[in-house]
Amino acid sequence: LRTDIKANHVERLRSGVCTIELGFVLGDLLHNLERVADHCSNIAASVIEMTKSGRVDTHQLVRELRSGASGSQFQEQYQQYVLKYSIPRQ
């Protein structure tokens with residue numbers, strides 16, 4: 001999403017619809033939203049791990065989910081959300 005949003009901003013700059021100053025604001029917003037998403041991911045991984053095994057090893061859980069080692073359900077849901085929230089290029 002971040003890549004698509006930035007690419008769309010560049011297109012708006014080229015067409016004169018947007019300004020560089022607003023690009024800085026957009027960059028700050030994207031950075032902060034990414035940090036919030038990372039925190040939410042860490043919280044979710046901690047809850048899952050505590051429920052599943054009674055211990056917290058979130059980094060290992062995230063590695064397993066991303067690699068597909070924990071089954072395909074995560075990958076299937078991930079792909080559904082990628083499609084649902086994809087942003088078309090301008």
# chains A, B, ... in the order shown; residues from 1 in each chain; ligands from 1
call {"tool": "residues_around", "arguments": {"residues": "A:Ser46", "least_positions_apart": "2", "cutoff": "12 Å", "atoms": "only C-alpha atoms", "output": "ChimeraX atom specification"}}
result
/A:39-44,48-62
call {"tool": "residues_around", "arguments": {"residues": "stretch 9-13 of chain A", "least_positions_apart": "5", "cutoff": "12 Å", "atoms": "only C-alpha atoms", "output": "list in words"}}
result
Arg2, Thr3, Asp4, Cys18, Thr19, Ile20, Glu21, Leu22, Gly23, Phe24, Val25, Leu26, Gly27, Leu30, Arg89 and Gln90 of chain A
call {"tool": "select_by_dssp", "arguments": {"residues": "chain A", "states": "alpha helix (DSSP H)", "output": "ChimeraX atom specification"}}
result
/A:2-15,20-53,58-67,73-84
call {"tool": "atom_distance", "arguments": {"atom1": "atom CA of A:Val36", "atom2": "atom CA of A:Ile5"}}
result
17.1 Å
call {"tool": "atom_distance", "arguments": {"atom1": "atom CA of A:Arg66", "atom2": "atom CA of A:Ala7"}}
result
25.5 Å
call {"tool": "closest_residue", "arguments": {"among": "A:Ser67, A:Asp28, A:Gly16, A:Leu33", "to": "A:Leu1", "atoms": "only C-alpha atoms"}}
result
A:Leu33
call {"tool": "atom_distance", "arguments": {"atom1": "atom CA of A:Ala45", "atom2": "atom CA of A:Leu65"}}
result
9.9 Å
call {"tool": "closest_residue", "arguments": {"among": "A:Arg35, A:Arg63, A:Lys6, A:Arg14", "to": "A:Pro88", "atoms": "only C-alpha atoms"}}
result
A:Lys6
